[in-house]
>>> print(open('data_8.txt').read())   # compact mmCIF, C-alpha atoms
# COMPACT_ATOMS: atom_id res chain seq x y z
CA MET A 690 163.94 -0.60 134.62
CA LEU A 691 167.60 -1.52 134.13
CA ARG A 692 167.02 -2.11 130.41
CA GLN A 693 165.46 1.36 130.11
CA LEU A 694 168.40 2.92 131.94
CA LYS A 695 170.84 1.18 129.61
CA ALA A 696 168.90 2.53 126.61
CA LEU A 697 169.09 6.02 128.04
CA ALA A 698 172.81 5.66 128.62
CA GLY A 699 173.22 4.61 125.00
CA ALA A 700 171.33 7.69 123.87
CA ALA A 701 173.56 9.80 126.09
CA LEU A 702 176.66 8.45 124.36
CA LEU A 703 175.15 9.27 120.98
CA LEU A 704 174.52 12.93 121.79
CA PRO A 705 178.17 14.13 121.63
CA MET A 706 178.40 12.63 118.14
CA LEU A 707 175.39 14.70 117.03
CA SER A 708 176.96 17.84 118.55
CA ALA A 709 180.19 17.33 116.60
CA GLU A 710 178.30 17.87 113.36
CA GLY A 711 176.79 21.18 114.66
CA ALA A 712 178.42 24.46 115.74
CA ALA A 713 182.12 24.42 116.67
CA CYS A 714 181.90 27.55 118.87
CA THR A 715 179.54 30.09 120.34
CA LEU A 716 179.56 33.89 120.56
CA ILE A 717 178.05 36.47 122.86
CA ALA A 718 178.70 40.13 121.99
CA THR A 719 177.81 43.37 123.78
CA GLY A 720 177.15 46.65 121.94
CA GLY A 721 179.50 49.62 122.21
CA THR A 722 179.14 53.37 122.50
CA LEU A 723 181.00 56.18 120.76
CA GLY A 724 182.61 59.30 122.21
CA LEU A 725 183.86 62.40 120.38
CA ALA A 726 187.58 63.06 120.46
CA PRO A 727 188.72 66.54 121.61
CA ASN A 728 189.85 67.35 118.07
CA GLY A 729 186.29 66.84 116.80
CA THR A 730 187.38 64.67 113.87
CA THR A 731 187.09 61.18 115.39
CA TYR A 732 184.10 59.46 116.97
CA THR A 733 185.36 56.34 118.68
CA SER A 734 184.51 53.66 121.20
CA GLU A 735 187.94 54.27 122.74
CA LEU A 736 186.26 57.35 124.24
CA GLY A 737 183.02 55.48 124.89
CA LEU A 738 182.67 51.75 125.50
CA PRO A 739 184.04 48.91 123.37
CA SER A 740 182.14 45.82 122.36
CA LEU A 741 183.13 42.69 124.28
CA VAL A 742 182.89 39.45 122.30
CA THR A 743 182.98 36.26 124.38
CA ILE A 744 184.00 33.20 122.42
CA SER A 745 183.75 29.66 123.65
CA THR A 746 184.28 26.40 121.84
CA THR A 747 182.93 22.92 122.36
CA LEU A 748 185.19 20.41 124.03
CA LEU A 749 186.15 18.68 120.80
CA ASP A 750 189.28 18.62 118.69
CA GLY A 751 189.38 20.72 115.57
CA SER A 752 190.11 24.21 114.34
CA PHE A 753 187.77 27.20 114.34
CA THR A 754 187.72 30.53 112.52
CA ILE A 755 186.71 33.96 113.79
CA THR A 756 185.60 36.40 111.08
CA ILE A 757 184.73 40.04 111.71
CA ASP A 758 183.12 41.65 108.65
CA PRO A 759 184.22 45.13 107.52
CA PRO A 760 182.46 47.79 109.63
CA THR A 761 179.59 49.74 108.06
CA LEU A 762 177.93 53.05 108.93
CA VAL A 763 174.23 52.29 109.27
CA GLN A 764 172.96 55.62 110.61
CA SER A 765 174.26 59.19 110.61
CA PRO A 766 172.78 62.73 110.57
CA VAL A 767 171.85 64.43 107.31
CA GLY A 768 174.85 66.19 105.81
CA PHE A 769 177.45 64.01 107.49
CA VAL A 770 180.35 63.07 105.24
CA PRO A 771 182.53 60.25 106.60
CA ILE A 772 186.18 59.88 105.68
CA SER A 773 186.69 56.35 106.99
CA LEU A 774 185.32 53.77 109.41
CA GLU A 775 187.77 51.35 111.01
CA GLN A 776 187.82 48.58 113.58
CA LYS A 777 190.44 46.95 115.74
CA THR A 778 190.55 43.96 118.08
CA VAL A 779 192.43 43.43 121.31
CA SER A 780 192.74 40.03 122.94
CA ALA A 781 194.62 39.63 126.17
CA VAL A 782 194.18 35.86 126.18
CA SER A 783 197.27 33.98 125.01
CA THR A 784 195.21 31.09 123.65
CA LEU A 785 193.24 33.42 121.36
CA ASP A 786 195.61 35.84 119.66
CA LEU A 787 193.15 38.11 117.87
CA ASN A 788 195.07 41.41 117.97
CA PHE A 789 194.54 43.49 114.83
CA ALA A 790 195.37 47.18 114.32
CA TYR A 791 192.74 49.53 112.92
CA THR A 792 191.49 48.44 109.50
CA SER A 793 188.54 49.25 107.26
CA GLY A 794 188.51 45.68 106.07
CA GLN A 795 187.69 42.23 107.34
CA ILE A 796 189.46 40.68 110.31
CA GLN A 797 189.85 36.92 110.20
CA ARG A 798 191.95 34.26 111.85
CA THR A 799 191.79 30.48 112.07
CA PHE A 800 192.85 28.83 115.31
CA PRO A 801 194.15 25.25 115.22
CA THR A 802 192.79 23.99 118.52
CA GLN A 803 189.76 24.51 120.65
CA LEU A 804 189.70 26.83 123.68
CA LEU A 805 189.87 25.29 127.13
CA SER A 806 187.74 28.12 128.48
CA ALA A 807 185.83 31.11 127.10
CA ALA A 808 187.91 34.04 125.87
CA VAL A 809 186.96 37.69 125.54
CA VAL A 810 188.01 39.89 122.64
CA THR A 811 187.63 43.69 122.80
CA LEU A 812 186.35 45.26 119.58
CA HIS A 813 186.63 49.00 118.86
CA HIS A 814 185.12 51.13 116.10
CA ARG A 815 186.52 54.45 114.95
CA LEU A 816 184.71 56.85 112.60
CA ASN A 817 186.78 59.63 111.01
CA ALA A 818 185.45 62.81 109.38
CA ALA A 819 186.32 66.49 108.89
CA SER A 820 183.63 67.36 111.45
CA PHE A 821 180.61 65.81 113.16
CA PRO A 822 177.15 67.43 113.07
CA SER A 823 174.80 66.75 115.98
CA GLY A 824 172.61 63.65 115.72
CA THR A 825 172.69 59.88 116.12
CA TYR A 826 175.40 57.67 114.69
CA ARG A 827 175.34 53.85 114.43
CA THR A 828 178.02 51.53 113.09
CA LYS A 829 177.78 47.79 112.69
CA THR A 830 179.80 44.70 112.05
CA VAL A 831 179.03 40.98 112.08
CA VAL A 832 181.23 38.58 114.08
CA THR A 833 181.12 34.97 112.97
CA CYS A 834 182.59 31.87 114.51
CA SER A 835 182.76 28.76 112.41
CA MET B 1341 172.30 6.28 138.10
CA ARG B 1342 175.63 7.54 136.78
CA SER B 1343 174.31 7.36 133.19
CA LEU B 1344 171.25 9.35 134.18
CA PHE B 1345 173.47 12.13 135.54
CA GLY B 1346 175.56 12.02 132.34
CA LEU B 1347 172.42 12.34 130.24
CA THR B 1348 171.30 15.35 132.27
CA ALA B 1349 174.67 17.09 131.84
CA ILE B 1350 174.72 16.60 128.06
CA ALA B 1351 171.10 17.72 127.77
CA THR B 1352 172.06 20.96 129.59
CA VAL B 1353 174.93 21.66 127.18
CA ALA B 1354 172.72 20.95 124.21
CA GLY B 1355 170.17 23.42 125.66
CA VAL B 1356 172.60 26.44 125.52
CA PRO B 1357 171.79 28.66 122.50
CA CYS B 1358 174.57 28.25 119.90
CA ALA B 1359 175.11 31.69 118.33
CA GLN B 1360 177.64 31.33 115.49
CA ALA B 1361 177.16 34.86 114.23
CA ALA B 1362 176.49 38.02 116.17
CA ASP B 1363 175.64 41.53 115.02
CA VAL B 1364 177.71 44.11 116.89
CA LEU B 1365 176.35 47.67 117.02
CA PHE B 1366 178.08 50.84 118.18
CA GLN B 1367 175.98 53.91 118.86
CA GLY B 1368 176.49 57.52 119.86
CA THR B 1369 174.32 60.63 119.91
CA LEU B 1370 175.82 64.09 119.72
CA ASP B 1371 173.82 66.99 121.12
CA SER B 1372 174.20 70.45 119.68
CA ILE B 1373 177.31 71.51 121.59
CA CYS B 1374 179.94 74.20 121.52
CA ILE B 1375 183.29 73.81 123.23
CA LEU B 1376 185.40 76.91 123.71
CA GLY B 1377 188.95 76.61 124.88
CA LEU B 1378 191.45 79.31 125.74
CA THR B 1379 194.90 78.25 124.59
CA THR B 1380 196.86 81.50 124.67
CA PRO B 1381 195.72 84.22 127.09
CA GLY B 1382 197.22 87.14 125.16
CA THR B 1383 199.32 90.02 126.43
CA LEU B 1384 199.37 93.76 125.78
CA GLY B 1385 202.12 96.00 124.50
CA VAL B 1386 202.27 99.53 123.11
CA ASP B 1387 201.99 99.73 119.32
CA ALA B 1388 203.51 102.33 117.00
CA GLU B 1389 200.45 104.58 117.38
CA GLY B 1390 200.64 104.49 121.18
CA ARG B 1391 197.69 102.16 121.59
CA LEU B 1392 197.71 99.39 124.16
CA SER B 1393 197.39 96.39 121.90
CA SER B 1394 197.87 92.64 121.91
CA ALA B 1395 199.14 93.00 118.35
CA ALA B 1396 202.18 94.62 119.98
CA GLY B 1397 202.25 91.92 122.64
CA LEU B 1398 200.78 88.50 122.01
CA PRO B 1399 197.38 87.74 120.46
CA GLY B 1400 195.00 85.53 122.37
CA THR B 1401 193.87 82.28 120.79
CA VAL B 1402 190.66 80.41 121.37
CA THR B 1403 189.74 76.95 120.15
CA VAL B 1404 186.19 76.34 118.95
CA LEU B 1405 184.52 73.01 118.33
CA THR B 1406 180.82 72.77 117.54
CA THR B 1407 178.39 70.16 116.22
CA GLY B 1408 176.21 72.87 114.70
CA GLY B 1409 173.19 74.92 115.75
CA THR B 1410 175.39 77.46 117.54
CA ARG B 1411 176.61 81.02 117.05
CA LEU B 1412 179.62 83.09 118.04
CA ASN B 1413 179.33 86.54 119.54
CA VAL B 1414 182.35 88.78 120.08
CA LYS B 1415 182.22 92.13 121.88
CA ALA B 1416 184.62 95.07 121.96
CA PRO B 1417 187.04 94.83 124.88
CA VAL B 1418 186.45 96.48 128.25
CA TRP B 1419 188.87 97.27 131.02
CA THR B 1420 189.13 94.71 133.78
CA GLN B 1421 192.06 96.41 135.47
CA THR B 1422 193.71 99.81 135.25
CA PRO B 1423 196.20 101.59 137.57
CA ALA B 1424 194.66 103.61 140.39
CA ALA B 1425 196.08 106.83 138.95
CA TYR B 1426 194.59 106.24 135.52
CA SER B 1427 191.38 108.06 134.52
CA SER B 1428 189.41 105.97 132.09
CA GLY B 1429 186.92 107.45 129.68
CA GLY B 1430 186.90 108.30 125.99
CA GLU B 1431 189.08 105.37 124.93
CA VAL B 1432 188.38 103.67 121.63
CA PHE B 1433 188.29 99.93 122.19
CA GLU B 1434 188.60 97.60 119.23
CA TYR B 1435 189.09 93.91 118.51
CA SER B 1436 189.79 91.74 115.52
CA TYR B 1437 189.71 88.02 114.88
CA LEU B 1438 190.78 85.60 112.22
CA GLY B 1439 191.32 81.92 111.60
CA LEU B 1440 188.03 80.39 110.60
CA SER B 1441 187.66 81.84 107.11
CA GLY B 1442 188.45 78.48 105.54
CA LEU B 1443 185.61 77.02 107.57
CA GLY B 1444 182.98 79.52 106.53
CA VAL B 1445 183.44 82.18 109.22
CA ALA B 1446 184.68 85.52 107.87
CA ASN B 1447 187.63 87.27 109.48
CA VAL B 1448 186.80 90.52 111.30
CA ASP B 1449 189.19 93.45 110.98
CA TRP B 1450 189.63 96.03 113.74
CA THR B 1451 186.20 97.14 114.88
CA SER B 1452 184.31 98.43 117.91
CA ALA B 1453 181.03 96.86 116.83
CA ASN B 1454 179.87 93.56 118.27
CA SER B 1455 179.87 90.66 115.84
CA ASP B 1456 177.42 87.79 115.86
CA VAL B 1457 177.75 84.92 113.37
CA ALA B 1458 176.14 81.52 112.94
CA LEU B 1459 178.78 78.82 113.13
CA PRO B 1460 179.00 75.89 110.73
CA VAL B 1461 179.85 72.45 112.10
CA LEU B 1462 183.47 72.82 113.16
CA PRO B 1463 186.18 70.41 114.26
CA LEU B 1464 188.68 71.81 116.76
CA SER B 1465 189.56 75.15 115.15
CA ILE B 1466 191.73 78.04 116.27
CA LEU B 1467 190.50 81.61 116.41
CA THR B 1468 193.11 84.33 116.93
CA VAL B 1469 191.75 87.38 118.75
CA ASN B 1470 193.40 90.75 119.18
CA ALA B 1471 192.34 93.64 121.41
CA ARG B 1472 193.45 97.28 121.60
CA ALA B 1473 192.59 100.57 123.23
CA ALA B 1474 193.44 104.05 121.98
CA ASN B 1475 193.68 106.69 124.69
CA PRO B 1476 192.43 110.15 123.70
CA SER B 1477 194.84 111.80 126.12
CA ASP B 1478 197.64 109.89 124.45
CA SER B 1479 199.23 108.91 127.73
CA TRP B 1480 199.32 105.80 129.85
CA VAL B 1481 200.32 106.07 133.48
CA ASP B 1482 202.58 103.41 134.91
CA GLY B 1483 200.84 100.33 136.21
CA THR B 1484 198.96 97.22 135.26
CA TYR B 1485 196.36 97.31 132.51
CA GLN B 1486 194.10 94.44 131.58
CA MET B 1487 191.28 94.37 129.06
CA LYS B 1488 189.13 91.50 127.96
CA VAL B 1489 187.29 90.61 124.76
CA GLU B 1490 184.20 88.57 125.59
CA VAL B 1491 183.81 85.62 123.19
CA THR B 1492 180.52 83.77 123.63
CA CYS B 1493 179.29 80.60 121.99
CA SER B 1494 175.57 79.97 122.35
CA ALA B 1495 172.71 78.02 120.80
CA SER B 1496 171.15 79.53 117.69
CA MET C 242 204.19 108.42 117.61
CA GLN C 243 207.15 108.26 119.91
CA LEU C 244 207.01 105.23 122.11
CA LYS C 245 206.93 106.26 125.73
CA ALA C 246 209.70 104.86 127.92
CA PHE C 247 207.67 103.72 130.84
CA LEU C 248 206.91 100.35 132.16
CA ILE C 249 203.51 98.92 131.54
CA ALA C 250 202.98 95.72 133.43
CA ALA C 251 200.90 93.88 130.91
CA CYS C 252 198.63 91.10 131.99
CA LEU C 253 200.41 87.96 132.96
CA LEU C 254 201.62 85.70 130.24
CA GLY C 255 200.34 82.35 131.44
CA LEU C 256 202.17 80.72 128.57
CA ALA C 257 203.33 77.67 130.47
CA ALA C 258 203.40 74.71 128.15
CA GLY C 259 200.04 73.01 127.96
CA THR C 260 198.13 75.83 129.66
CA SER C 261 194.61 75.76 128.38
CA SER C 262 191.08 75.92 129.56
CA ALA C 263 187.89 74.89 127.87
CA GLN C 264 184.31 74.56 128.77
CA SER C 265 181.17 73.00 127.40
CA LEU C 266 177.52 73.06 128.41
CA SER C 267 174.77 70.63 127.55
CA PRO C 268 172.01 70.98 126.52
CA MET C 269 172.51 74.41 125.02
CA LYS C 270 168.83 75.00 124.50
CA LYS C 271 165.80 73.49 126.20
CA ALA C 272 162.18 74.30 126.94
CA GLY C 273 159.63 72.68 129.20
CA ALA C 274 156.46 73.10 131.21
CA THR C 275 156.03 73.36 134.95
CA PRO C 276 152.95 72.78 137.11
CA SER C 277 154.17 75.36 139.63
CA ASP C 278 155.69 78.82 139.22
CA VAL C 279 159.24 77.46 139.40
CA LYS C 280 160.93 75.71 136.50
CA GLY C 281 164.05 73.58 136.83
CA PHE C 282 166.48 72.12 134.34
CA GLN C 283 169.35 69.72 134.76
CA LEU C 284 172.44 70.78 132.82
CA LYS C 285 175.86 69.30 132.35
CA ALA C 286 179.06 71.34 132.35
CA GLY C 287 182.26 69.77 131.08
CA ASN C 288 185.99 70.38 130.95
CA PRO C 289 187.02 68.46 127.86
CA TYR C 290 190.67 69.46 127.74
CA LYS C 291 193.92 68.84 129.50
CA SER C 292 194.11 71.11 132.51
CA ARG C 293 192.11 71.35 135.71
CA MET C 294 189.96 74.50 135.89
CA THR C 295 187.56 76.37 138.14
CA PHE C 296 184.41 77.57 136.42
CA VAL C 297 181.69 80.02 137.31
CA ALA C 298 178.06 79.56 136.29
CA LEU C 299 175.86 82.65 135.97
CA VAL C 300 172.16 83.03 135.27
CA MET C 301 171.66 85.86 132.80
CA ASP C 302 169.08 87.41 130.53
CA PRO C 303 168.62 85.78 127.10
CA THR C 304 171.01 88.28 125.50
CA PHE C 305 173.75 87.14 127.94
CA THR C 306 174.29 90.73 129.05
CA ASN C 307 173.12 91.04 132.67
CA GLU C 308 172.63 88.67 135.52
CA VAL C 309 168.99 88.23 136.55
CA SER C 310 167.19 87.80 139.82
CA GLY C 311 164.63 85.16 140.74
CA ALA C 312 166.89 82.47 139.35
CA LEU C 313 169.81 80.44 140.51
CA VAL C 314 172.15 77.77 139.27
CA GLN C 315 173.89 75.35 141.60
CA PRO C 316 176.70 75.00 142.07
CA ALA C 317 177.58 78.52 140.99
CA GLU C 318 181.28 77.72 141.13
CA PHE C 319 182.96 74.37 140.59
CA ARG C 320 186.31 72.82 139.81
CA LEU C 321 186.67 70.17 137.12
CA ALA C 322 189.52 67.80 136.36
CA PRO C 323 190.51 67.32 132.71
CA GLY C 324 187.81 65.36 130.93
CA ALA C 325 185.41 65.60 133.83
CA SER C 326 181.88 66.91 133.82
CA ARG C 327 179.24 67.57 136.43
CA THR C 328 175.55 68.25 136.77
CA LEU C 329 174.24 71.74 137.41
CA ILE C 330 170.69 72.50 138.53
CA LEU C 331 169.03 75.63 137.15
CA GLN C 332 165.87 76.95 138.81
CA PHE C 333 163.94 80.11 138.06
CA LYS C 334 160.63 81.63 139.01
CA ILE C 335 157.99 82.57 136.48
CA ALA C 336 156.48 85.56 138.23
CA PRO C 337 152.86 86.50 137.45
CA PRO C 338 151.36 87.75 135.24
CA ASN C 339 154.00 86.06 133.02
CA LYS C 340 153.24 82.56 131.81
CA GLU C 341 156.65 81.95 130.33
CA ARG C 342 160.21 82.96 131.05
CA THR C 343 163.55 82.45 129.28
CA VAL C 344 166.86 82.69 131.08
CA ALA C 345 170.40 81.93 130.04
CA VAL C 346 173.18 80.13 131.84
CA CYS C 347 176.76 81.05 130.97
CA ILE C 348 179.80 79.02 131.99
CA LEU C 349 183.11 80.84 132.14
CA PRO C 350 186.50 80.05 133.62
CA LYS C 351 187.15 81.90 136.87
CA ASP C 352 189.87 84.54 137.19
CA ILE C 353 191.33 83.85 133.80
CA GLU C 354 194.38 85.80 132.69
CA GLY C 355 194.77 87.41 129.32
CA THR C 356 192.77 89.39 126.81
CA ILE C 357 189.96 86.93 126.14
CA GLN C 358 186.98 85.94 128.24
CA PRO C 359 185.48 82.79 126.70
CA ARG C 360 181.88 81.88 127.63
CA VAL C 361 179.55 79.10 126.63
CA CYS C 362 175.90 79.99 127.14
CA GLY C 363 172.64 78.13 126.85
CA THR C 364 169.04 79.39 126.86
CA TYR C 365 166.25 77.73 128.79
CA THR C 366 162.51 78.43 128.64
CA GLY C 367 159.95 77.51 131.23
CA ARG C 368 156.21 77.66 130.60
CA LEU C 369 153.32 77.27 132.99
CA LEU C 370 151.31 74.11 132.31
CA GLY C 371 148.30 74.89 130.18
CA HIS C 372 150.01 77.84 128.54
CA PRO C 373 150.14 77.54 124.71
CA GLY C 374 153.41 75.98 123.68
CA SER C 375 153.86 74.01 126.89
>>> encode(input="data_8.txt", output="structure tokens")
Amino acid sequence: MLRQLKALAGAALLLPMLSAEGAACTLIATGGTLGLAPNGTTYTSELGLPSLVTISTTLLDGSFTITIDPPTLVQSPVGFVPISLEQKTVSAVSTLDLNFAYTSGQIQRTFPTQLLSAAVVTLHHRLNAASFPSGTYRTKTVVTCS
Amino acid sequence: MRSLFGLTAIATVAGVPCAQAADVLFQGTLDSICILGLTTPGTLGVDAEGRLSSAAGLPGTVTVLTTGGTRLNVKAPVWTQTPAAYSSGGEVFEYSYLGLSGLGVANVDWTSANSDVALPVLPLSILTVNARAANPSDSWVDGTYQMKVEVTCSAS
Amino acid sequence: MQLKAFLIAACLLGLAAGTSSAQSLSPMKKAGATPSDVKGFQLKAGNPYKSRMTFVALVMDPTFTNEVSGALVQPAEFRLAPGASRTLILQFKIAPPNKERTVAVCILPKDIEGTIQPRVCGTYTGRLLGHPGS
């Protein structure tokens, strides 16, 4: 019995080593909703609900990188002509400074050390056009942690 | 025993799904809507021809925003207030509007006829509306006069 | 024509900075069936701009000309803060021998000064269940 327990303990010590070769961090993201601005030329989550991205890292040393791909318009009504689609991030956590102003491009930052606890980043999308016909609009981005 | 507990804890961590990439979707659905806003109420004055007219006072302005599938109806003004000593009847009421011609809605010059136009999709846009009344007796008694142009946005 | 030298008290200016009113109504068009002779719809009225306003809701004929009987909208008068909206309930009777009825609801600001009366109106059709089109 004691020999078996010692073998199990040995296996337990091995497991963190295996984890170090796997993912450095994990992500959970909620979807957002869009609201029309009073001027009728901007459809934005700042008038709806933002996406909340929760990032946590494993308790190991090492850097990690957050990448948010450029936003894309995946659904819009017939006849809609966009001018631009932008995204911005807001992070109130001092250990994860991911604060970027509106951009149509990629957002990326590498952090030198792991997080002691999970951090939440707020992500907004903003779609600009001369006017918005009725119908359903969907925008998308991909958030990656590596 | 302590090793067993340690093994259990590590097994639990290893059991959490490790999502390294997440798709983030934003969605919104716009109904067919029309938002009308009154920004300048308009006031009346007496023009060179003796008509009570907002062109001699201050035109009214209305903002229009629509996602399509709507229409705009404008009617000739009617009195909403006249002095007690004033006898109404026989006046010629007219209105005009302008401001949306660049957005596909023609301006309307002074007219007594109702107008009814289908609206294109519009961002927040300003429509300037004037109202006037010509009095056949060519006299206005002292007092307060108020007339209103009814501007209606409805579904097509 | 000679301008007459008398005082006309024109309607009040109301030009205070930021004075504005706006209204919206959703949905602006809807149809549905009813198993009884009363049809109801849930509507939403909004005040999307910067000042607080009192609005009046009226049930009218489909040409938005006259108010109609056998129909009501509640509340018929309401006050909305900037950016706020609220639910209205429209109910109307479909009196026999009619199998279908269309009414309109118009939202307008109450006691508004000036030369313009803005209105946003929607049309709503109720049909008895089993009637073609329901």
>>> interface_residues(input="data_8.txt", of="chain B", to="chain C", cutoff="9 Å", atoms="all atoms listed in the file", output="ChimeraX atom specification")
/B:1371-1390,1394,1397-1403,1410,1417,1469-1471,1479-1496
>>> interface_residues(input="data_8.txt", of="chain A", to="chain B", cutoff="7 Å", atoms="only C-alpha atoms", output="compact mmCIF listing (two decimals) with C-alpha atoms, in the frame of the given file")
# COMPACT_ATOMS: atom_id res chain seq x y z
CA ALA A 698 172.81 5.66 128.62
CA ALA A 701 173.56 9.80 126.09
CA ALA A 712 178.42 24.46 115.74
CA CYS A 714 181.90 27.55 118.87
CA THR A 715 179.54 30.09 120.34
CA LEU A 716 179.56 33.89 120.56
CA ALA A 718 178.70 40.13 121.99
CA THR A 719 177.81 43.37 123.78
CA GLY A 720 177.15 46.65 121.94
CA GLY A 721 179.50 49.62 122.21
CA THR A 722 179.14 53.37 122.50
CA LEU A 723 181.00 56.18 120.76
CA GLY A 724 182.61 59.30 122.21
CA ASN A 728 189.85 67.35 118.07
CA GLY A 729 186.29 66.84 116.80
CA THR A 730 187.38 64.67 113.87
CA ALA A 819 186.32 66.49 108.89
CA SER A 820 183.63 67.36 111.45
CA PHE A 821 180.61 65.81 113.16
CA PRO A 822 177.15 67.43 113.07
CA SER A 823 174.80 66.75 115.98
CA GLY A 824 172.61 63.65 115.72
CA THR A 825 172.69 59.88 116.12
CA TYR A 826 175.40 57.67 114.69
CA ARG A 827 175.34 53.85 114.43
CA THR A 828 178.02 51.53 113.09
CA LYS A 829 177.78 47.79 112.69
CA THR A 830 179.80 44.70 112.05
CA VAL A 831 179.03 40.98 112.08
CA VAL A 832 181.23 38.58 114.08
CA THR A 833 181.12 34.97 112.97
CA CYS A 834 182.59 31.87 114.51
CA SER A 835 182.76 28.76 112.41
>>> axis_aligned_box(input="data_8.txt", around="range 308-327 of chain C", padding_each_side="4 Å", output="AutoDock Vina command-line options")
--center_x 177.6 --center_y 77.0 --center_z 136.5 --size_x 33.9 --size_y 31.3 --size_z 19.1
>>> atom_distance(input="data_8.txt", atom1="CA of Ala1446 in chain B", atom2="CA of Ala286 in chain C")
28.8 Å
>>> atom_distance(input="data_8.txt", atom1="CA of Gln283 in chain C", atom2="CA of Leu331 in chain C")
6.4 Å
>>> atom_distance(input="data_8.txt", atom1="CA of Trp1419 in chain B", atom2="CA of Met294 in chain C")
23.3 Å
>>> closest_residue(input="data_8.txt", among="C:Ile330, C:Leu370, C:Val344, C:Ala325", to="Met301 in chain C", atoms="all atoms listed in the file")
C:Val344
>>> residues_near_point(input="data_8.txt", point="(190.5, 24.5, 123.9)", cutoff="10 Å", atoms="all atoms listed in the file", output="ChimeraX atom specification")
/A:745-752,784-785,800-807
>>> closest_residue(input="data_8.txt", among="C:Ile335, C:Phe319, C:Val279, C:Gly324", to="chain A", atoms="all atoms listed in the file")
C:Gly324
